[in-house]
Every structure is written in structure tokens, then in C-alpha cells.
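Worksheet: one structure, shown below.
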Amino acid sequence: MKNNQLWVKINGSNYYKIFTRLNEIGISIYDNKIYNDFVLILTNMQDYEKITKYLVSYDCTIYEITGLKKAKRFFHKYLIFTIASILSIIMLILVNNMIFRIDIKSNKKAVQELVKTSLLKYDLKPLRFKISHQKIESIVKKILDENKDTLEWMEIEYQGLIMNVYVTEKIIPEESQNRPFCDIIATSDAKISSMNIYRGVPLKEINDYVTKGDVILSGEITYNDEVKNRVCASGEIYGEVWYKVKTTVPFVEEYIEYTGKNRYNFNVKINDNKYSILKSRIQNKKLEETNLYKLNDFEINLVKEREYVKKTRILTEEEAYNKALSLASEKINLKLLANEEILVKKVLKKEVNDSTIYLEVFIATKENIGEVRENKESDLNDSGNNKQNSE
Amino acid sequence: MKNLHFREYFKNFLYDLNDFITIYENNLHVFNYDKLNKLSSDEIILTIQNKKVLIKGEKLKIKQMTKQELLINGKVIKVEFVYEE
């Protein structure tokens with residue numbers, strides 16, 4: 001019954017007259033609210049039709065519909081909006097569950113191709129629906145089983161619409177690469193600070209000084225002065241290495257200052273080639289790109305062009321000194337790899353001229369000083385013969 | 001009409017009444033009236049079984065209304081039959 005009810009607004013200030021009239025035409029009223037200029041009555045649809053038919057002297061409108069009728073009326077009123085919303089949600093769900101790109105994280109093209117073809121075999125390619133984690137695991141297992149000799153490890157994960165495939169290639173052991181005998185030698189003059197030996201015999205100890213070319217780890221395993229076995233020595237040898245760095249810095253420094261004038265442009269990137277859509281009117285500019293759309297090798301970017309002017313300034317002696325010092329550090333830092341660092345930094349010489357400052361800086365670093373040196377075939381043969389003779 | 005009222009129908013069935021008026025606190029329920037003759041804030045006249053019933057009160061309003069029943073809300077002072085001469 002309640003589904004069929006609706007609130008009707010009847011304009012008129014005489015409540016009693018309206019109700020008497022409603023009574024005359026036999027209207028059922030389940031509730032009512034009285035206001036100064038109008039009356040709200042809760043009635044049913046059939047009675048509302050009667051009201052509009054017989055109560056012509058009053059202005060009657062539907063104020064509110066309750067229950068199912070209200071929902072029906074809402075959907076009818078906002079039909080296009082409702083359909084568009086439902087379609088959008090469906091599209092969003094579809095797009096969210098699709099793979100748009102597959103990124104194979106491997107440096108080797110051969111491995112990438114191998115993984116790509118293997119994934120294709122299991123119908124994993126762009127514009128396909130994402131599959132469950134369990135299925136992925138089983139596919140990964142199958143691919144790894146099929147490529148036992150080439151692939152060591154593989155993992156697949158979704159990152160939004162991209163499917164990232166992490167692959168590790170199987171590394172063939174050194175023995176099978178025909179490197180039966182090798183030493184680890186020092187790459188520069190240094191003081192050994194730490195040694196991690198995986199294979200081989202150490203000929204030096206921690207805190208020993210070595211010169212470039214000295215054998216630190218030997219691949220010859222000896223017992224009672226007799227060579228028992230030859231291996232390829234491996235290990236990490238860290239040592240303190242010393243540098244003398246010379247830097248000159250002028251007192252006049254050039255820098256850029258942004259004028260605050262910005263222009264926006266678009267560019268299209270296809271296979272690493274960029275094409276600007278609008279003509280740029282700024283000569284000296286710095287570009288800041290924001291990606292708007294990306295699909296495989298096709299990109300559309302919003303480019304912010306920031307205009308700048310080149311200016312010069314005179315550095316104080318202290319500023320120039322600090323700059324020279326940091327430049328010296330930077331020079332050394334460029335050589336350093338992970339786990340390597342600058343230990344000590346000392347200025348040996350400082351010369352100030354009219355226009356430049358000259359520094360000589362002593363820098364001590366912690367570096368991996370070990371390098372594998374393969375022994376020649378002849379060496380091996382010689383040593384082999386010696387061994388036979390000794391037998 | 002919701003809650004109008006099983007109890008009253010049942011009573012009617014038991015007492016075999018064709019029409020009745022029940023007064024609650026600030027509410028007056030009329031069952032089986034024929035016509036609403038007059039409606040104002042202090043006076044309502046109804047016809048029940050060819051007899052006119054006058055309801056006097058203050059701030060009288062119709063809360064619910066169907067062809068058979070009326071629920072009047074307000075301060076009811078007096079309910080009486082009106083005999084026309």
C-alpha cells in the first residue's frame with residue numbers, strides 16, 4: 001500500500017475548505033501537513049488522479065513520491081545519467097581488469113624474446129584480461145620448467161594496467177666457462193681494509209699495503225709447497241685508495257634565473273622521437289614534462305616551458321673554496337660504485353689568484369680493489385707439466 | 001488506514017455496532033460516518049446514520065480521512081447530537 005502513496009501539494013490557505021472539498025470527492029488522506037500557503041496530503045495514486053480531475057480550482061502538484069514509485073520516477077527522470085553511470089562503471093571494471101602493456105624486466109633481448117614467446121603461449125599479451133594470482137603462479141612454474149637451462153627465476157606482478165615480468169637468467173658456473181685458473185690482483189696502490197673470500201688462497205692480509213698488480217687472492221691451492229688444485233679465485237677485496245685531486249674554480253659564476261614566464265605545449269613521443277605540437281616562442285627554456293597518455297611506445301606529454309636568463313655573479317673566496325672542494329669530491333664520487341665511499345678529504349695546497357682559486361685535495365676512499373686476472377693456457381700447461389714431473 | 005484499527009473492528013464485531021465514535025487523548029476516531037457537513041477549527045459536523053453529530057473543540061484538524069473513517073486531532077470539548085427543529 002505504501003508503495004502506491006505520494007505526497008500531494010495543494011496550494012491554498014483555507015485548510016478546512018480544502019479538506020471539506022477533498023471529503024466531498026472521497027479522497028483518502030493518510031497523513032497531512034498544514035502550512036500557511038499550502039497543504040501537503042499523503043494519499044494514493046488513484047486519489048491523486050481524482051484530485052487533478054475534480055479539484056480544478058486548486059493548484060495540485062506531486063510533492064514527493066514514496067517507496068518503489070520514487071525509485072522508478074528517479075530512474076525515469078535521470079535515465080541517461082543512470083545508463084551513462086552504469087556503462088562507466090562497467091567500462092572502469094573492464095579496463096581495470098585488462099593488461100595494456102607487458103614489461104619484461106631483463107637487460108638481455110634474447111631473454112626478453114624468450115619470455116615474450118613463452119607468455120604468448122599461455123595467451124598473456126596486451127589487451128587481454130588479467131588472470132588470478134594462482135593461475136599466474138602455475139604459468140610461471142610451467143615456463144620455468146620449460147626453460148630450465150636459461151631461466152633461473154621469474155615473477156609476475158600487476159602494476160595498474162601494466163604487467164611487470166621480473167626474470168633472472170641462469171648464470172652458467174665459471175667452471176663451465178673455461179676459466180679454470182685465475183687470481184685476484186690489486187687494481188691500484190692501496191691498504192687492504194676488508195676481504196670477503198669465496199674461493200682461492202689469500203696471499204695478503206688486512207692492513208697490508210699492496211701495489212697495482214699484486215696478487216691478493218691466488219687460484220693455486222697448495223699443500224706442503226705443492227700445487228694440489230687450481231681454481232678461479234673469487235672474492236671482494238676492499239682497500240683504502242689515495243688520490244690527489246686538482247681543481248680550479250673561477251670567481252665569476254654563471255647561473256640561470258627563471259623569468260616567471262611559462263608556456264605550455266604538447267609533444268608526441270613515438271619510438272624515442274619527440275614532436276612538438278605547437279611552435280615554441282621561448283628561446284632559453286627549461287622543459288618539464290607531464291605524461292598525459294602512454295600506450296607502449298606512444299606517449300602524449302604536456303610540456304611546461306620555463307623561460308630563463310643566464311646571469312653571472314662574483315663568488316666570495318669561501319664560496320669558491322667550498323665549490324672547488326665539492327668539485328674534487330664529485331670527481332672521485334663519479335669513479336665510486338655501490339659500497340664504495342670517500343673516507344678522508346684534506347686540502348694540501350690552496351692558491352688564490354685574481355680570477356680563480358686553485359686547490360690540491362688529498363682524498364682517501366674505500367674501494368673494491370680486486371680484479372680477476374685469468375692465467376694463460378701456457379702457464380697452465382707449464383704448471384701441469386711441472387706437476388707431472390714432480391709425480 | 002494504518003492502525004485504524006484492528007481493535008475497533010474487533011470491538012465492532014463483538015458489539016455488533018455499525019458506527020461508533022472513540023475519543024482518545026487529543027484524538028477522536030469516527031467509524032462509518034456518512035458525510036462531513038462542516039469543518040472548522042472549533043466545530044465539525046458529521047452525519048452518521050441520518051443523525052447529525054456536532055464535535056466542538058479547539059484547533060481541530062483532520063489527521064486521517066477515508067470514505068468510512070475519520071481521525072480528528074485537537075482539543076475535543078464536546079460531542080453531541082444535533083436535532084433540527
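Residue numbers start at 1 in each chain; chains themselves are named A, B, ... in the order of the C-alpha cells; ligands are numbered from 1 in the order shown.
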Proximal residues of chain A relative to chain B (only C-alpha atoms; 12 Å) as a PyMOL selection string: chain A and resi 1-2+5+14-34+39-44+47
Within 6 Å of range 235-239 of chain A using only C-alpha atoms, minus same-chain residues under 6 positions, as a list in words: Ala190, Lys191, Ile192, Ser193, Ser194, Met195, Asn196, Ile197, Tyr198, Lys366, Glu367, Asn368, Ile369 and Gly370 of chain A
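Residues lying within 9 Å of Asn265 in chain A, counting only C-alpha atoms and ignoring same-chain neighbours fewer than 2 positions away, are Arg263, Asn267, Ser276, Ile277, Leu278, Lys279, Ser280, Asn301, Leu302, Val303, Lys304 and Glu305 of chain A.
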Just write the chosen residues, N, CA and C atoms, as a JSON list (two decimals), in the first residue's frame.
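To be explicit, this is the file written out as selection.json:
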```
[["chain", "number", "residue", "atom", "x", "y", "z"],
["A", 263, "ARG", "N", 55.17, 28.81, -20.69],
["A", 263, "ARG", "CA", 54.27, 28.48, -21.80],
["A", 263, "ARG", "C", 54.02, 26.97, -21.78],
["A", 267, "ASN", "N", 53.75, 17.50, -26.59],
["A", 267, "ASN", "CA", 54.58, 16.78, -27.54],
["A", 267, "ASN", "C", 54.16, 15.32, -27.63],
["A", 276, "SER", "N", 56.99, 18.31, -31.23],
["A", 276, "SER", "CA", 56.20, 19.33, -30.54],
["A", 276, "SER", "C", 54.97, 19.66, -31.37],
["A", 277, "ILE", "N", 53.85, 19.85, -30.72],
["A", 277, "ILE", "CA", 52.61, 20.14, -31.45],
["A", 277, "ILE", "C", 52.52, 21.64, -31.76],
["A", 278, "LEU", "N", 52.85, 22.48, -30.79],
["A", 278, "LEU", "CA", 52.79, 23.93, -31.01],
["A", 278, "LEU", "C", 54.21, 24.48, -31.19],
["A", 279, "LYS", "N", 54.29, 25.62, -31.86],
["A", 279, "LYS", "CA", 55.61, 26.23, -32.08],
["A", 279, "LYS", "C", 56.05, 26.93, -30.79],
["A", 280, "SER", "N", 57.28, 26.69, -30.40],
["A", 280, "SER", "CA", 57.77, 27.29, -29.17],
["A", 280, "SER", "C", 58.28, 28.70, -29.45],
["A", 301, "ASN", "N", 52.61, 14.06, -24.07],
["A", 301, "ASN", "CA", 53.05, 14.76, -22.86],
["A", 301, "ASN", "C", 52.64, 16.22, -22.88],
["A", 302, "LEU", "N", 52.35, 16.72, -21.70],
["A", 302, "LEU", "CA", 52.12, 18.16, -21.54],
["A", 302, "LEU", "C", 53.48, 18.74, -21.14],
["A", 303, "VAL", "N", 53.93, 19.73, -21.88],
["A", 303, "VAL", "CA", 55.26, 20.29, -21.64],
["A", 303, "VAL", "C", 55.13, 21.71, -21.10],
["A", 304, "LYS", "N", 55.75, 21.94, -19.97],
["A", 304, "LYS", "CA", 55.79, 23.30, -19.42],
["A", 304, "LYS", "C", 57.15, 23.88, -19.77],
["A", 305, "GLU", "N", 57.15, 24.96, -20.53],
["A", 305, "GLU", "CA", 58.40, 25.62, -20.93],
["A", 305, "GLU", "C", 58.64, 26.80, -19.99]]
```
Nearest candidate to Asp42 in chain B (options B:Lys59, B:Leu54, B:Asn73, B:Val30; using only C-alpha atoms):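 Answer, going by the shortest atom-to-atom distance: B:Lys59.
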Point-to-point distance in Å for CA of Met45 in chain A and CA of Arg73 in chain A: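 Computing it gives 13.3 Å between the two atoms.
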Those of range 248-339 of chain A in DSSP helix (DSSP H, G or I), formatted as a PyMOL selection string: chain A and resi 317-335
Only N, CA and C atoms, please: the residues just picked out, written as a PDB file, in the first residue's frame.
```pdb
ATOM      1  N   GLU A 317      85.552  34.255  -1.612  1.00  0.00           N
ATOM      2  CA  GLU A 317      86.646  33.278  -1.550  1.00  0.00           C
ATOM      3  C   GLU A 317      86.166  31.987  -0.891  1.00  0.00           C
ATOM      4  N   GLU A 318      85.341  32.160   0.144  1.00  0.00           N
ATOM      5  CA  GLU A 318      84.834  30.987   0.880  1.00  0.00           C
ATOM      6  C   GLU A 318      83.925  30.133  -0.005  1.00  0.00           C
ATOM      7  N   GLU A 319      83.047  30.835  -0.760  1.00  0.00           N
ATOM      8  CA  GLU A 319      82.126  30.118  -1.664  1.00  0.00           C
ATOM      9  C   GLU A 319      82.913  29.367  -2.727  1.00  0.00           C
ATOM     10  N   ALA A 320      83.922  30.022  -3.304  1.00  0.00           N
ATOM     11  CA  ALA A 320      84.735  29.398  -4.346  1.00  0.00           C
ATOM     12  C   ALA A 320      85.513  28.213  -3.777  1.00  0.00           C
ATOM     13  N   TYR A 321      85.994  28.363  -2.555  1.00  0.00           N
ATOM     14  CA  TYR A 321      86.747  27.293  -1.881  1.00  0.00           C
ATOM     15  C   TYR A 321      85.840  26.065  -1.695  1.00  0.00           C
ATOM     16  N   ASN A 322      84.632  26.317  -1.179  1.00  0.00           N
ATOM     17  CA  ASN A 322      83.684  25.210  -0.956  1.00  0.00           C
ATOM     18  C   ASN A 322      83.307  24.536  -2.264  1.00  0.00           C
ATOM     19  N   LYS A 323      83.134  25.356  -3.299  1.00  0.00           N
ATOM     20  CA  LYS A 323      82.752  24.814  -4.611  1.00  0.00           C
ATOM     21  C   LYS A 323      83.871  23.919  -5.151  1.00  0.00           C
ATOM     22  N   ALA A 324      85.111  24.393  -5.023  1.00  0.00           N
ATOM     23  CA  ALA A 324      86.263  23.623  -5.511  1.00  0.00           C
ATOM     24  C   ALA A 324      86.375  22.298  -4.762  1.00  0.00           C
ATOM     25  N   LEU A 325      86.136  22.372  -3.445  1.00  0.00           N
ATOM     26  CA  LEU A 325      86.207  21.175  -2.612  1.00  0.00           C
ATOM     27  C   LEU A 325      85.140  20.155  -3.012  1.00  0.00           C
ATOM     28  N   SER A 326      83.939  20.663  -3.245  1.00  0.00           N
ATOM     29  CA  SER A 326      82.864  19.735  -3.629  1.00  0.00           C
ATOM     30  C   SER A 326      83.097  19.182  -5.030  1.00  0.00           C
ATOM     31  N   LEU A 327      83.705  20.002  -5.899  1.00  0.00           N
ATOM     32  CA  LEU A 327      84.031  19.516  -7.250  1.00  0.00           C
ATOM     33  C   LEU A 327      85.037  18.371  -7.183  1.00  0.00           C
ATOM     34  N   ALA A 328      86.004  18.516  -6.309  1.00  0.00           N
ATOM     35  CA  ALA A 328      87.018  17.472  -6.129  1.00  0.00           C
ATOM     36  C   ALA A 328      86.357  16.180  -5.664  1.00  0.00           C
ATOM     37  N   SER A 329      85.433  16.311  -4.715  1.00  0.00           N
ATOM     38  CA  SER A 329      84.709  15.123  -4.211  1.00  0.00           C
ATOM     39  C   SER A 329      83.891  14.495  -5.319  1.00  0.00           C
ATOM     40  N   GLU A 330      83.243  15.347  -6.102  1.00  0.00           N
ATOM     41  CA  GLU A 330      82.394  14.846  -7.196  1.00  0.00           C
ATOM     42  C   GLU A 330      83.218  14.033  -8.184  1.00  0.00           C
ATOM     43  N   LYS A 331      84.424  14.544  -8.511  1.00  0.00           N
ATOM     44  CA  LYS A 331      85.304  13.849  -9.460  1.00  0.00           C
ATOM     45  C   LYS A 331      85.555  12.420  -8.988  1.00  0.00           C
ATOM     46  N   ILE A 332      85.829  12.286  -7.695  1.00  0.00           N
ATOM     47  CA  ILE A 332      86.120  10.961  -7.142  1.00  0.00           C
ATOM     48  C   ILE A 332      84.838  10.140  -7.051  1.00  0.00           C
ATOM     49  N   ASN A 333      83.763  10.787  -6.636  1.00  0.00           N
ATOM     50  CA  ASN A 333      82.497  10.062  -6.485  1.00  0.00           C
ATOM     51  C   ASN A 333      82.043   9.416  -7.781  1.00  0.00           C
ATOM     52  N   LEU A 334      82.376  10.055  -8.907  1.00  0.00           N
ATOM     53  CA  LEU A 334      81.999   9.504 -10.208  1.00  0.00           C
ATOM     54  C   LEU A 334      82.628   8.131 -10.442  1.00  0.00           C
ATOM     55  N   LYS A 335      83.809   7.919  -9.850  1.00  0.00           N
ATOM     56  CA  LYS A 335      84.510   6.639 -10.035  1.00  0.00           C
ATOM     57  C   LYS A 335      83.929   5.548  -9.137  1.00  0.00           C
TER      58      LYS A 335
END
```
